Every structure is written in structure tokens, then in C-alpha cells.
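Worksheet: the structure to be examined is printed underneath.
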Amino acid sequence: MGPLDLLVERLQGALHRPPAARSWRCRCGAPVFFGNTRCLRCGAELGFVPETLSLQALPIAGADGQLLQRCANHPTIGCNWLVPPREAASLGGLCRACRLNRTLPDLGLEENRRAWAAIESAKRRLVMQLLALGLPLRSRMVEDPVRGLVFDFLRPVDGVPVRTGHMAGLITLNVEEADDARREQIRQSLHEPYRTLLGHLRHEVGHYYWDRLVAGTPWLAPFRMRFGDEREDYAAAQQRHYAQGPAPDWPQRCISAYASSHPWEDWAESFAHYLHLVDTVETALSYGLSADDVEMPIHPFGRDALDSDDDAPRFLRLLNGWLELTAVLNELSRSMGQPDFYPFVLSRPAVAKLHLVHRVVIHC
């Protein structure tokens with residue numbers, strides 16, 4: 001049994017579901033992809049059904065027999081998600097992803113329209129994965145005004161900066177991050193190995209799920225044992241990080257330099273990495289990627305790297321399979337003269353943190 005076969009077994013058992021599909025075919029048999037709105041072979045209109053996590057040719061009937069309709073944002077940003085008529089009538093015609101928005105930049109400007117379309121493309125992938133994982137996800141705007149999630153997408157105006165971040169269920173994103181050149185400039189200035197729109201969204205939603213799933217729950221004690229005490233002054237910790245740089249020993253403790261700034265950031269970085277890992281593995285499995293003929297030597301992590309026996313054997317299969325897969329993918333990237341696909345090195349403490357994130361997610 002090859003490493004990816006073990007990953008299939010791992011995901012089916014630990015996540016209590018089959019791996020979420022990332023590969024679909026049109027009714028004509030042609031391969032179609034997550035962002036497609038039309039089949040390039042037969043011209044059929046395509047739509048993504050959040051309830052079944054599937055991309056299908058239209059028309060499509062929902063569970064109640066009524067035809068699903070396109071998201072109200074399809075004409076403006078090409079959103080290909082579908083909405084049951086009963087939801088469309090009460091929720092402004094918006095899909096599960098688009099109804100999470102509260103504030104958009106001035107769409108009278110072409111640069112803002114382009115930025116919004118790019119952000120929504122990344123957000124739809126995020127939302128698809130959150131739904132696949134079974135994580136609680138409701139819009140604060142129209143579904144859950146107390147514990148729901150909401151997004152503000154803002155552009156700096158008159159020199160007033162916009163800081164990407166999370167506060168009590170509100171995720172704010174500076175739309176300048178949708179500009180590849182600007183984002184790369186920021187990445188290099190902060191000496192970050194990785195900076196993407198999807199990475200931002202996964203990191204910030206990690207803060208949201210800390211509030212939802214860890215704060216005030218039995219998970220708080222193991223969180224503090226592994227990540228530290230979140231009651232540390234956050235503003236002071238951030239100021240120290242940007243003034244003095246990361247702690248010198250961060251590679252021995254954290255998954256990234258920024259993770260060392262505060263326990264909350266350590267959690268959010270670990271949560272984002274867990275989403276990276278699971279989504280990439282499920283995509284590989286969906287396309288039948290096999291590592292049977294690849295021998296990539298790694299130093300596998302064992303039980304002694306974890307704080308708990310909870311689902312430890314299958315988590316370690318997932319993690320060690322991931323390390324082998326990314327080692328191959330890094331070599332492929334280098335063959336194209338590109339930066340490493342996964343430019344991170346996991347320490348034993350970082351692995352224990354990923355395991356805690358995994359435990360919280362599968363038990364939510």
C-alpha cells in the first residue's frame with residue numbers, strides 16, 4: 001500500500017467522511033474544474049452545489065425538487081455557486097460563500113472589481129473546505145447575528161491603512177492583497193516564505209474558529225499547554241514582534257516566524273497549515289495521484305511527537321504522507337525554476353500543534 005492509499009484510509013476514518021472531491025466531469029464526460037461556469041467541450045452551463053460539494057451541469061434540482069439557481073453575484077464576478085429558491089428569496093439570492101460579505105470596496109473602480117473577483121475565488125475554495133470538514137459556518141449578516149462569520153473587503157483611502165485581521169467574527173482583508181505585485185512586495189519586506197489570498201483567509205478564519213471551538217471549552221487547557229497563554233497582552237506582543245523581529249528560537253517551536261508573536265497567531269498559523277495540508281491531499285487523491293513509484297526518504301514523526309493518543313496513528317499517517325508528497329512537489333517546483341511548493345520545515349512542537357488543531361476539527 002502506497003502513502004496516498006494510506007492517506008485515503010486516514011481521511012475516511014479520522015474525518016468521518018470520504019475525501020472531498022476536487023475533480024468532476026461534465027455530463028458529456030469532459031473534465032471540469034472548481035471555478036468553471038461552462039464546459040469547454042459541450043458548452044453546458046455548470047454550477048457548484050454546496051450541499052453536495054459537487055460541480056454539475058445545469059439544470060439541477062435541489063432536495064425539494066425545485067431547480068437550483070445561480071448566485072446573485074454570478075453576473076458581476078462569475079460566482080458559479082448555486083442557491084435553492086427558498087434561500088434565494090430570503091437571503092438576497094446569495095450563495096453560501098457570498099452571503100458572508102458585509103462590506104465591499106467601491107465597485108465603481110475597475111481595480112476594485114478585479115480585486116473582489118480574485119478574493120471571492122479564494123473565499124469560495126475556503127468555504128468549500130470548511131463545509132467539507134463540517135465546521136460551523138453561518139453568515140452573521142443573515143443567518144446568525146451573534147456567532148456568525150462576516151467579511152469586510154476594504155481598500156486604503158487617503159492614506160488610512162487597512163489592516164487584515166479578525167475581530168469577534170469579522171474578518172477584514174485589505175484588497176491590495178489581491179494585487180500579485182503588491183502582495184509579493186509585502187511578502188519580501190516581511191521575509192515571509194508564503195503569502196497568498198487563500199493563505200490569508202485560512203489564517204484569519206483560524207482566529208474565528210479559536211473563538212468558536214476553543215475559547216471557554218475543555219480545549220482551552222490543552223491549547224494553553226501547547227500554544228501558551230493567550231491572556232498575554234496581544235498589542236504588546238505584536239509591537240515587540242514588529243520592532244524586534246521573531247523570537248530567535250521560533251523554528252524549534254512554531255510553524256512560521258509570525259506564529260511566534262502570540263499564542264493566538266500560533267494557533268491561526270497552525271490552523272491555516274492544517275487546511276493547506278488536508279485540501280492539497282484531497283486534491284491529489286481526487287486526481288488519482290499515486291506515490292507508489294516514488295521513493296522519497298523522509299524522517300517520519302512518531303507518537304512521541306504528540307501530546308495525546310487521540311487519533312494519533314492515523315494522524316501520523318496523514319502527516320508523514322504529507323511530508324513525502326510535499327518533498328516530491330518541492331522537487332517538481334524546482335524543476336520549473338519556481339519557489340518551493342511548501343517552503344516550511346515542521347518541528348516536533350509544530351507537529352503537536354497541528355495534531356491539536358486536527359483533534360478540535362474532527363470533534364467539533
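Residues are referred to by chain and number: the chain letter is A, B, ... according to the order shown in the C-alpha cells, the number counts from 1 in that chain, and ligands are numbered separately from 1 in the order shown.
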
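Here the DSSP assignment of strand (DSSP E or B), based on backbone atoms, applies within stretch 57-90 of chain A to Ala57, Ala61, Leu67, Gln69, Arg70, Trp81, Leu82 and Val83 of chain A.
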
- Mind checking which residues fall within 12 Å of A:Val127, counting only C-alpha atoms, ignoring those fewer than 5 positions away in the same chain, and posting them as a PyMOL selection string? chain A and resi 50-51+53+81+95-100+120-122+132-139+149+198+201-202+205+275+279

Keeping only N, CA and C atoms, take the residues you just selected and write them out as a PDB file, in the first residue's frame.
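Below is the file that was written, selection.pdb:
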```pdb
ATOM      1  N   PRO A  50     -23.270  23.538  -3.080  1.00  0.00           N
ATOM      2  CA  PRO A  50     -22.617  23.438  -1.766  1.00  0.00           C
ATOM      3  C   PRO A  50     -23.119  22.269  -0.928  1.00  0.00           C
ATOM      4  N   GLU A  51     -24.389  21.912  -1.060  1.00  0.00           N
ATOM      5  CA  GLU A  51     -24.960  20.853  -0.243  1.00  0.00           C
ATOM      6  C   GLU A  51     -24.327  19.496  -0.544  1.00  0.00           C
ATOM      7  N   LEU A  53     -21.302  19.409  -2.445  1.00  0.00           N
ATOM      8  CA  LEU A  53     -19.912  19.693  -2.772  1.00  0.00           C
ATOM      9  C   LEU A  53     -19.550  19.139  -4.147  1.00  0.00           C
ATOM     10  N   TRP A  81     -21.608  29.305  -7.857  1.00  0.00           N
ATOM     11  CA  TRP A  81     -22.331  28.535  -6.843  1.00  0.00           C
ATOM     12  C   TRP A  81     -23.841  28.680  -7.045  1.00  0.00           C
ATOM     13  N   CYS A  95     -25.233  32.994  -2.490  1.00  0.00           N
ATOM     14  CA  CYS A  95     -24.833  31.625  -2.159  1.00  0.00           C
ATOM     15  C   CYS A  95     -24.204  31.557  -0.772  1.00  0.00           C
ATOM     16  N   ARG A  96     -23.832  30.346  -0.352  1.00  0.00           N
ATOM     17  CA  ARG A  96     -23.264  30.132   0.978  1.00  0.00           C
ATOM     18  C   ARG A  96     -21.997  30.952   1.193  1.00  0.00           C
ATOM     19  N   ALA A  97     -21.222  31.192   0.140  1.00  0.00           N
ATOM     20  CA  ALA A  97     -19.985  31.960   0.262  1.00  0.00           C
ATOM     21  C   ALA A  97     -20.237  33.460   0.208  1.00  0.00           C
ATOM     22  N   CYS A  98     -21.035  33.911  -0.756  1.00  0.00           N
ATOM     23  CA  CYS A  98     -21.215  35.347  -0.950  1.00  0.00           C
ATOM     24  C   CYS A  98     -22.048  35.997   0.147  1.00  0.00           C
ATOM     25  N   ARG A  99     -22.913  35.244   0.807  1.00  0.00           N
ATOM     26  CA  ARG A  99     -23.733  35.844   1.864  1.00  0.00           C
ATOM     27  C   ARG A  99     -22.916  36.145   3.122  1.00  0.00           C
ATOM     28  N   LEU A 100     -21.654  35.743   3.136  1.00  0.00           N
ATOM     29  CA  LEU A 100     -20.778  36.047   4.275  1.00  0.00           C
ATOM     30  C   LEU A 100     -20.223  37.467   4.208  1.00  0.00           C
ATOM     31  N   GLU A 120     -12.996  36.652  -3.982  1.00  0.00           N
ATOM     32  CA  GLU A 120     -14.121  35.723  -3.897  1.00  0.00           C
ATOM     33  C   GLU A 120     -13.748  34.338  -4.413  1.00  0.00           C
ATOM     34  N   SER A 121     -12.893  34.285  -5.422  1.00  0.00           N
ATOM     35  CA  SER A 121     -12.442  32.988  -5.924  1.00  0.00           C
ATOM     36  C   SER A 121     -11.722  32.209  -4.824  1.00  0.00           C
ATOM     37  N   ALA A 122     -10.853  32.898  -4.089  1.00  0.00           N
ATOM     38  CA  ALA A 122     -10.153  32.247  -2.974  1.00  0.00           C
ATOM     39  C   ALA A 122     -11.125  31.910  -1.846  1.00  0.00           C
ATOM     40  N   ALA A 132     -16.873  20.982   3.858  1.00  0.00           N
ATOM     41  CA  ALA A 132     -16.468  19.578   3.776  1.00  0.00           C
ATOM     42  C   ALA A 132     -16.013  19.049   5.138  1.00  0.00           C
ATOM     43  N   LEU A 133     -15.358  19.897   5.918  1.00  0.00           N
ATOM     44  CA  LEU A 133     -14.885  19.494   7.237  1.00  0.00           C
ATOM     45  C   LEU A 133     -15.997  19.471   8.276  1.00  0.00           C
ATOM     46  N   GLY A 134     -17.159  19.998   7.931  1.00  0.00           N
ATOM     47  CA  GLY A 134     -18.265  20.021   8.877  1.00  0.00           C
ATOM     48  C   GLY A 134     -18.138  21.078   9.948  1.00  0.00           C
ATOM     49  N   LEU A 135     -17.353  22.116   9.692  1.00  0.00           N
ATOM     50  CA  LEU A 135     -17.185  23.190  10.661  1.00  0.00           C
ATOM     51  C   LEU A 135     -18.409  24.111  10.641  1.00  0.00           C
ATOM     52  N   PRO A 136     -18.785  24.689  11.788  1.00  0.00           N
ATOM     53  CA  PRO A 136     -19.944  25.591  11.811  1.00  0.00           C
ATOM     54  C   PRO A 136     -19.676  26.820  10.951  1.00  0.00           C
ATOM     55  N   LEU A 137     -20.616  27.138  10.073  1.00  0.00           N
ATOM     56  CA  LEU A 137     -20.406  28.247   9.138  1.00  0.00           C
ATOM     57  C   LEU A 137     -21.746  28.863   8.768  1.00  0.00           C
ATOM     58  N   ARG A 138     -22.033  30.019   9.366  1.00  0.00           N
ATOM     59  CA  ARG A 138     -23.252  30.756   9.074  1.00  0.00           C
ATOM     60  C   ARG A 138     -22.921  32.240   8.982  1.00  0.00           C
ATOM     61  N   SER A 139     -23.667  32.939   8.134  1.00  0.00           N
ATOM     62  CA  SER A 139     -23.435  34.361   7.921  1.00  0.00           C
ATOM     63  C   SER A 139     -23.967  35.179   9.093  1.00  0.00           C
ATOM     64  N   LEU A 149     -20.138  34.449  10.900  1.00  0.00           N
ATOM     65  CA  LEU A 149     -18.906  34.966  10.302  1.00  0.00           C
ATOM     66  C   LEU A 149     -19.260  36.012   9.248  1.00  0.00           C
ATOM     67  N   LEU A 198      -5.593  32.970  -0.399  1.00  0.00           N
ATOM     68  CA  LEU A 198      -6.172  31.831   0.305  1.00  0.00           C
ATOM     69  C   LEU A 198      -5.495  31.623   1.653  1.00  0.00           C
ATOM     70  N   LEU A 201      -6.956  34.097   4.126  1.00  0.00           N
ATOM     71  CA  LEU A 201      -8.299  33.736   4.558  1.00  0.00           C
ATOM     72  C   LEU A 201      -8.279  32.554   5.511  1.00  0.00           C
ATOM     73  N   ARG A 202      -7.432  31.575   5.238  1.00  0.00           N
ATOM     74  CA  ARG A 202      -7.342  30.414   6.131  1.00  0.00           C
ATOM     75  C   ARG A 202      -6.780  30.818   7.492  1.00  0.00           C
ATOM     76  N   VAL A 205      -9.597  32.899   9.366  1.00  0.00           N
ATOM     77  CA  VAL A 205     -10.714  32.072   9.808  1.00  0.00           C
ATOM     78  C   VAL A 205     -10.275  31.163  10.957  1.00  0.00           C
ATOM     79  N   LEU A 275      -5.387  23.312   7.119  1.00  0.00           N
ATOM     80  CA  LEU A 275      -6.256  23.413   5.947  1.00  0.00           C
ATOM     81  C   LEU A 275      -5.469  23.235   4.654  1.00  0.00           C
ATOM     82  N   ASP A 279      -6.539  20.057   2.222  1.00  0.00           N
ATOM     83  CA  ASP A 279      -7.045  20.404   0.895  1.00  0.00           C
ATOM     84  C   ASP A 279      -6.125  19.865  -0.198  1.00  0.00           C
TER      85      ASP A 279
END
```

- Message: If we count only C-alpha atoms and set the cut-off at 10 Å, which residues sit around stretch 159-168 of chain A, ignoring sequence neighbours fewer than 2 positions away in its own chain? Please answer as a ChimeraX atom specification.
- Response: /A:146-157,170-177,200-201,203-208,211-212

- Query: In stretch 296-364 of chain A, what's alpha helix (DSSP H) per DSSP? Answer as a ChimeraX atom specification?
  - Reply: /A:312-335,348-362

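Taking only C-alpha atoms into account, A:Glu232 lies nearest to A:His262 out of the set A:Arg253, A:His262, A:Arg70, A:His276.
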
- Query: If you count only C-alpha atoms, which residues fall within 8 Å of A:Glu282, apart from same-chain ones fewer than 4 positions away, as a PyMOL selection string?
  - Reply: chain A and resi 19-22+278+286

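Between atom CA of A:Leu94 and atom CA of A:Pro31 there is a distance of 26.7 Å.
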
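Comparing A:Gly199, A:His355, A:Glu143, A:Gly337 by their smallest distance to A:Arg303, the closest is A:His355 (using only C-alpha atoms).
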